[in-house]
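Following: one structure in structure tokens, then a few remarks.
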Amino acid sequence: MRRIVTATVHNRSGVLNRVTGLLAKRQFNIESISVGRTETEGVSKMTFVVEVEDDRKLEQLTKQLNKQIEVLKVSDITDKAIVARELAMVKVISNPQIRSEIQGIIEPFRASIIDVSKESVTVQVTGKSDKVDALIDLLRPYGIKELARTGLTAFTRGHQPQVAEFKSYSLLK
């Protein structure tokens, strides 16, 4: 089963290596990983997409990560209300005649052309992974020269207040 796990860690040299080494040693396959600084000085957040066999293996993963000195918090956010995005840059073979065609393809995806040369255009797209996959599939027939993806970045949504009960009113008395 595919799981999205976040780890809040101290931003120190070697932390990423130790965490990914731990996952590799226990034979967890990391499908994607995204790491960056947080709003707190000296703290980073890692977002992993991992394939685990069952709930027991998932529990083993979170316990092992929590044992690491540099790890402050580990969360499996797969089944929670989350905001998740990925970024991809796609360099597509292009000439001036088909650039407008490519522009027409990327527009519904809210993607943008970020670089143009004589023989290619570079497209930037952000969104859910399936949206990124769909655009890449549409651009493939033109010839993809280069592709770079960030991996998933995610966190839980903010607290949403419950909708208050509405009193029923009637115009008839």
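Letters A, B, ... mark the chains of the structure tokens in the order given; residue numbers begin at 1 per chain; ligand numbers begin at 1, in order shown.
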Give me, as a Markdown table, each residue of range 82-110 of chain A that comes within 12 Å of range 45-63 of chain A, together with its shortest interatomic pair and the distance in Å at one decimal, counting only C-alpha atoms, with rows ordered by chain and rising residue number.
```
| residue | atom | partner | partner_atom | distance |
| --- | --- | --- | --- | --- |
| A:Ala84 | CA | A:Thr47 | CA | 10.0 |
| A:Arg85 | CA | A:Thr47 | CA | 11.0 |
| A:Glu86 | CA | A:Thr47 | CA | 11.2 |
```
Can you write out the residues you just picked, keeping C-alpha atoms, as a tab-separated table (two decimals), in the first residue's frame?
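Resulting contents of selection_16.tsv:
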```
chain	number	residue	atom	x	y	z
A	84	ALA	CA	-0.46	17.86	-1.71
A	85	ARG	CA	1.40	19.22	-4.73
A	86	GLU	CA	4.20	18.28	-7.07
```
Enumerate the residues of chain A with a DSSP assignment of helix (DSSP H, G or I), computed from the backbone, and present them as a PyMOL selection string.
-> chain A and resi 15-25+55-67+99-109+129-142
Taking the backbone alone, and naming residues the way the document does, which bits of chain A are strand (DSSP E or B) by DSSP, as an MDAnalysis selection string?
-> chainID A and resid 2:10 29:37 43:51 71:76 82:93 112:116 120:127 144:149 153:156
Using only C-alpha atoms, find each residue of range 19-93 of chain A with at least one atom at most 12 Å away from an atom of range 98-106 of chain A; report its shortest atom-to-atom pair and that distance in Å (one decimal), sort the rows by chain and rising residue number, and return the result as JSON lines.
```
{"residue": "A:Val90", "atom": "CA", "partner": "A:Ile106", "partner_atom": "CA", "distance": 11.1}
{"residue": "A:Lys91", "atom": "CA", "partner": "A:Ile102", "partner_atom": "CA", "distance": 11.5}
{"residue": "A:Val92", "atom": "CA", "partner": "A:Ile102", "partner_atom": "CA", "distance": 9.0}
{"residue": "A:Ile93", "atom": "CA", "partner": "A:Ile98", "partner_atom": "CA", "distance": 9.5}
```
Dump of C-alpha atoms for the selected residues, as a JSON list (two decimals), in the first residue's frame:
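Writing done, so here's selection.json:
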```json
[["chain", "number", "residue", "atom", "x", "y", "z"],
["A", 90, "VAL", "CA", 9.34, 19.19, -19.00],
["A", 91, "LYS", "CA", 11.62, 20.12, -21.91],
["A", 92, "VAL", "CA", 9.70, 19.31, -25.10],
["A", 93, "ILE", "CA", 11.08, 19.18, -28.65]]
```
So which residues touch Val125 in chain A within 7 Å, counting only C-alpha atoms, skipping near sequence neighbours fewer than 6 positions away, as a list of chain:residue names?
->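 Everything that qualifies: A:Leu87, A:Ala88, A:Met89, A:Ala111, A:Ser112, A:Val132.
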Could you write out that same residue set with N, CA and C atoms as a CSV table (one decimal), in the first residue's frame?
```csv
chain,number,residue,atom,x,y,z
A,87,LEU,N,5.8,19.5,-8.4
A,87,LEU,CA,6.2,20.4,-9.5
A,87,LEU,C,7.0,19.5,-10.5
A,88,ALA,N,6.7,19.8,-11.8
A,88,ALA,CA,7.5,19.1,-12.9
A,88,ALA,C,7.9,20.2,-13.9
A,89,MET,N,9.1,20.0,-14.4
A,89,MET,CA,9.6,20.8,-15.6
A,89,MET,C,9.8,19.8,-16.7
A,111,ALA,N,-0.5,25.2,-16.7
A,111,ALA,CA,1.0,25.1,-16.8
A,111,ALA,C,1.5,26.3,-17.6
A,112,SER,N,2.8,26.5,-17.5
A,112,SER,CA,3.3,27.7,-18.2
A,112,SER,C,4.7,27.3,-18.9
A,132,VAL,N,-0.1,16.1,-13.1
A,132,VAL,CA,1.3,16.1,-13.7
A,132,VAL,C,1.5,15.0,-14.7
```
Pick the closest to Glu39 in chain A from A:Thr8, A:Leu139, A:Ser94, A:Leu152: which is it, counting only C-alpha atoms?
->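 Of A:Thr8, A:Leu139, A:Ser94, A:Leu152, the one nearest Glu39 in chain A, counting only C-alpha atoms, is A:Thr8.
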Spatial neighbours of range 65-72 of chain A, max dist 12 Å, only C-alpha atoms, sep filter under 2 positions, as a PyMOL selection string | chain A and resi 5-23+26+42-46+48+58-63+74-76
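Comparing the minimum interatomic distances between Ile4 in chain A and each of A:Ser117, A:Gln97, A:Thr78, A:Asn29, counting only C-alpha atoms, we find that A:Thr78 sits nearest.
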How many Å lie between CA of Ile114 in chain A and CA of Tyr142 in chain A, rounded to one decimal?
->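 Distance between the two atoms: 17.3 Å.
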Identify, on the basis of only C-alpha atoms, every residue whose closest approach to Ala81 in chain A does not exceed 12 Å; exclude the query and any residue fewer than 2 positions from it along the same chain; express the result as an NGL selection string.
-> :A and (4 or 76-79 or 83-84 or 154-160)
